[in-house]
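Novice: Structure provided below as structure tokens; questions to follow.
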Amino acid sequence: MHDYLVSVFLGIVEGLTEFLPVSSTAHLRICEALLRIDLHDGFWKMYTIVIQLGAILALPVYFWNRILKFASTFPRGARGNRTLLTHPLSLTLIAFVMTALPSWALTRQIGKNLENLWVMALALLLGGIVMWIVDARFTHARTTHMEEMTLAQAIWIGAAQTLSAVFPGTSRSMCTIAAGQIAGMSRTAALEFSFFLSMPTMAAATGYDFLKAVMPHQQHSGIAPLAMTGHDWTVLSIGFVISFFMALAVVAWFMRWVRSRGLAPFALYRIALGLGLLALLMRGII
């Protein structure tokens, strides 16, 4: 029963934080530390991958109509003013490549920081300050819809997203939304593009982690091979389902929130959480 309750709790945390600009990685790592979960245990490593997959699935479900519309108007766009390089789907792929290439090149450096709570605390704090300043300063947008985005904006946002891979706790959505606002996009346009960019980015990152978990040559990693029991499959299923539905609700709510309100509350939350985590670390509590 204890594992089931832990799965419910972590599924809620993952679904709640994955697409908000507050870093799901930091929240999961903090919760795992407080729950004394062994991060080197193969099952819990696999569990983290599975609940991320649940959250990822929420995006194509929510944006299904937008995806179909973009696909049906490729490459000219609904207004007939797009090209093969400037269609929203192409810009999403280009931004993904701009993230994927440097992230792959920095794989070893990324691995050093994945479980470092000190890095996460600083990333939460500094990211919150940056997000607060950007949201207050860049209020005049010239790009109000994804359909109006430029190639330069997509390249810039994709490059900025790399920060979230190198410094866990930074948050993919924080990087992409803030980068979009700096590039002249409205909060709504930047947020929607952030969600679209999350689909290939998270699918690739999670898929890579999954392959590492099941490939025989990765046995030294402590992830594979796994001997799964019925109990283990139930725990994984609970986390996956809860993460999916929680993420689906959060995406719908966040889209409505951003249309009428700013991002300052999330920036303040990040700053408070970063300071709180630093205090716990300095006292040796976690």
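The way I read the labels, and the way they are meant: chains A, B, ... in the order of the structure tokens, residue 1 as the first residue of every chain, and ligand 1 as the first ligand shown, with later ones counted on from there.
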Could you pull out the residues in range 113-227 of chain A that DSSP calls helix (DSSP H, G or I) from the backbone, as a ChimeraX atom specification?

Specialist: /A:113,117-137,146-148,151-166,172-182,187-214,216-221

Novice: Next, write the just-selected residues to a file, as a PDB file, in the first residue's frame, keeping C-alpha atoms as the atom set.

Specialist:
```pdb
ATOM      1  CA  ASN A 113      23.889  17.697 -12.687  1.00  0.00           C
ATOM      2  CA  LEU A 117      20.027  19.569  -5.498  1.00  0.00           C
ATOM      3  CA  TRP A 118      22.415  22.517  -5.150  1.00  0.00           C
ATOM      4  CA  VAL A 119      22.273  23.135  -8.903  1.00  0.00           C
ATOM      5  CA  MET A 120      18.493  22.824  -8.834  1.00  0.00           C
ATOM      6  CA  ALA A 121      18.127  25.268  -5.956  1.00  0.00           C
ATOM      7  CA  LEU A 122      20.222  27.911  -7.712  1.00  0.00           C
ATOM      8  CA  ALA A 123      18.439  27.286 -11.031  1.00  0.00           C
ATOM      9  CA  LEU A 124      15.051  27.707  -9.362  1.00  0.00           C
ATOM     10  CA  LEU A 125      16.126  30.938  -7.673  1.00  0.00           C
ATOM     11  CA  LEU A 126      17.889  32.575 -10.620  1.00  0.00           C
ATOM     12  CA  GLY A 127      15.293  31.339 -13.108  1.00  0.00           C
ATOM     13  CA  GLY A 128      12.530  32.869 -11.014  1.00  0.00           C
ATOM     14  CA  ILE A 129      14.290  36.240 -10.950  1.00  0.00           C
ATOM     15  CA  VAL A 130      14.865  36.145 -14.717  1.00  0.00           C
ATOM     16  CA  MET A 131      11.267  35.138 -15.426  1.00  0.00           C
ATOM     17  CA  TRP A 132       9.924  37.932 -13.207  1.00  0.00           C
ATOM     18  CA  ILE A 133      12.067  40.575 -14.933  1.00  0.00           C
ATOM     19  CA  VAL A 134      11.262  39.319 -18.445  1.00  0.00           C
ATOM     20  CA  ASP A 135       7.522  39.116 -17.783  1.00  0.00           C
ATOM     21  CA  ALA A 136       7.484  42.679 -16.437  1.00  0.00           C
ATOM     22  CA  ARG A 137       9.817  44.161 -19.032  1.00  0.00           C
ATOM     23  CA  MET A 146       2.211  30.789 -33.516  1.00  0.00           C
ATOM     24  CA  GLU A 147       1.237  31.262 -37.160  1.00  0.00           C
ATOM     25  CA  GLU A 148       3.154  34.576 -37.159  1.00  0.00           C
ATOM     26  CA  LEU A 151      12.613  31.379 -38.241  1.00  0.00           C
ATOM     27  CA  ALA A 152      14.890  33.521 -36.060  1.00  0.00           C
ATOM     28  CA  GLN A 153      12.463  33.289 -33.139  1.00  0.00           C
ATOM     29  CA  ALA A 154      12.322  29.483 -33.388  1.00  0.00           C
ATOM     30  CA  ILE A 155      16.123  29.181 -33.508  1.00  0.00           C
ATOM     31  CA  TRP A 156      16.509  31.480 -30.501  1.00  0.00           C
ATOM     32  CA  ILE A 157      13.886  29.623 -28.432  1.00  0.00           C
ATOM     33  CA  GLY A 158      15.365  26.226 -29.275  1.00  0.00           C
ATOM     34  CA  ALA A 159      18.839  27.378 -28.268  1.00  0.00           C
ATOM     35  CA  ALA A 160      17.516  28.864 -25.019  1.00  0.00           C
ATOM     36  CA  GLN A 161      15.802  25.592 -24.124  1.00  0.00           C
ATOM     37  CA  THR A 162      19.221  23.936 -23.919  1.00  0.00           C
ATOM     38  CA  LEU A 163      19.716  25.665 -20.565  1.00  0.00           C
ATOM     39  CA  SER A 164      17.019  23.472 -19.021  1.00  0.00           C
ATOM     40  CA  ALA A 165      18.922  20.331 -20.048  1.00  0.00           C
ATOM     41  CA  VAL A 166      22.279  21.510 -18.734  1.00  0.00           C
ATOM     42  CA  ARG A 172      11.886  23.835 -20.145  1.00  0.00           C
ATOM     43  CA  SER A 173       8.734  25.922 -20.147  1.00  0.00           C
ATOM     44  CA  MET A 174      10.398  28.800 -18.273  1.00  0.00           C
ATOM     45  CA  CYS A 175      13.243  28.918 -20.805  1.00  0.00           C
ATOM     46  CA  THR A 176      10.981  28.783 -23.851  1.00  0.00           C
ATOM     47  CA  ILE A 177       8.346  31.210 -22.574  1.00  0.00           C
ATOM     48  CA  ALA A 178      10.921  33.769 -21.411  1.00  0.00           C
ATOM     49  CA  ALA A 179      12.919  33.391 -24.641  1.00  0.00           C
ATOM     50  CA  GLY A 180       9.743  33.864 -26.657  1.00  0.00           C
ATOM     51  CA  GLN A 181       8.813  37.030 -24.791  1.00  0.00           C
ATOM     52  CA  ILE A 182      12.323  38.442 -25.273  1.00  0.00           C
ATOM     53  CA  ARG A 187       2.734  35.219 -23.463  1.00  0.00           C
ATOM     54  CA  THR A 188       0.030  33.131 -25.162  1.00  0.00           C
ATOM     55  CA  ALA A 189       2.011  32.608 -28.375  1.00  0.00           C
ATOM     56  CA  ALA A 190       5.193  31.811 -26.451  1.00  0.00           C
ATOM     57  CA  LEU A 191       3.321  29.363 -24.219  1.00  0.00           C
ATOM     58  CA  GLU A 192       1.653  27.534 -27.097  1.00  0.00           C
ATOM     59  CA  PHE A 193       4.965  27.190 -28.935  1.00  0.00           C
ATOM     60  CA  SER A 194       6.523  26.002 -25.679  1.00  0.00           C
ATOM     61  CA  PHE A 195       3.937  23.226 -25.504  1.00  0.00           C
ATOM     62  CA  PHE A 196       4.451  22.233 -29.138  1.00  0.00           C
ATOM     63  CA  LEU A 197       8.225  22.209 -28.688  1.00  0.00           C
ATOM     64  CA  SER A 198       7.829  20.077 -25.551  1.00  0.00           C
ATOM     65  CA  MET A 199       6.313  17.229 -27.571  1.00  0.00           C
ATOM     66  CA  PRO A 200       9.383  16.252 -29.631  1.00  0.00           C
ATOM     67  CA  THR A 201      11.823  17.392 -26.935  1.00  0.00           C
ATOM     68  CA  MET A 202      10.284  15.363 -24.119  1.00  0.00           C
ATOM     69  CA  ALA A 203       9.547  12.393 -26.368  1.00  0.00           C
ATOM     70  CA  ALA A 204      13.184  12.267 -27.494  1.00  0.00           C
ATOM     71  CA  ALA A 205      14.616  12.766 -23.992  1.00  0.00           C
ATOM     72  CA  THR A 206      12.309  10.231 -22.391  1.00  0.00           C
ATOM     73  CA  GLY A 207      12.782   7.774 -25.252  1.00  0.00           C
ATOM     74  CA  TYR A 208      16.560   8.055 -24.855  1.00  0.00           C
ATOM     75  CA  ASP A 209      16.271   7.373 -21.127  1.00  0.00           C
ATOM     76  CA  PHE A 210      14.017   4.396 -21.832  1.00  0.00           C
ATOM     77  CA  LEU A 211      16.491   2.886 -24.301  1.00  0.00           C
ATOM     78  CA  LYS A 212      19.257   3.251 -21.744  1.00  0.00           C
ATOM     79  CA  ALA A 213      17.030   1.467 -19.258  1.00  0.00           C
ATOM     80  CA  VAL A 214      16.343  -1.603 -21.403  1.00  0.00           C
ATOM     81  CA  PRO A 216      21.670  -4.930 -22.203  1.00  0.00           C
ATOM     82  CA  HIS A 217      24.917  -2.924 -22.444  1.00  0.00           C
ATOM     83  CA  GLN A 218      23.530  -0.480 -19.887  1.00  0.00           C
ATOM     84  CA  GLN A 219      23.394  -3.006 -17.032  1.00  0.00           C
ATOM     85  CA  HIS A 220      26.090  -1.120 -15.161  1.00  0.00           C
ATOM     86  CA  SER A 221      23.747   1.851 -14.867  1.00  0.00           C
TER      87      SER A 221
END
```

Novice: Could you pull the residues within 9 Å of Val50 in chain A, counting only C-alpha atoms, minus those fewer than 2 positions along the same chain, as a PyMOL selection string?

Specialist: chain A and resi 45-48+52-55+206+210+236-237+239-240

Novice: So how far away is CA of Ser186 in chain A from CA of His145 in chain A, in Å?

Specialist: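 The value is 7.7 Å.
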
Novice: Which value, in Å to one decimal, gives the distance between CA of Phe167 in chain A and CA of Gly274 in chain A?

Specialist: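 These two atoms are separated by 13.6 Å.
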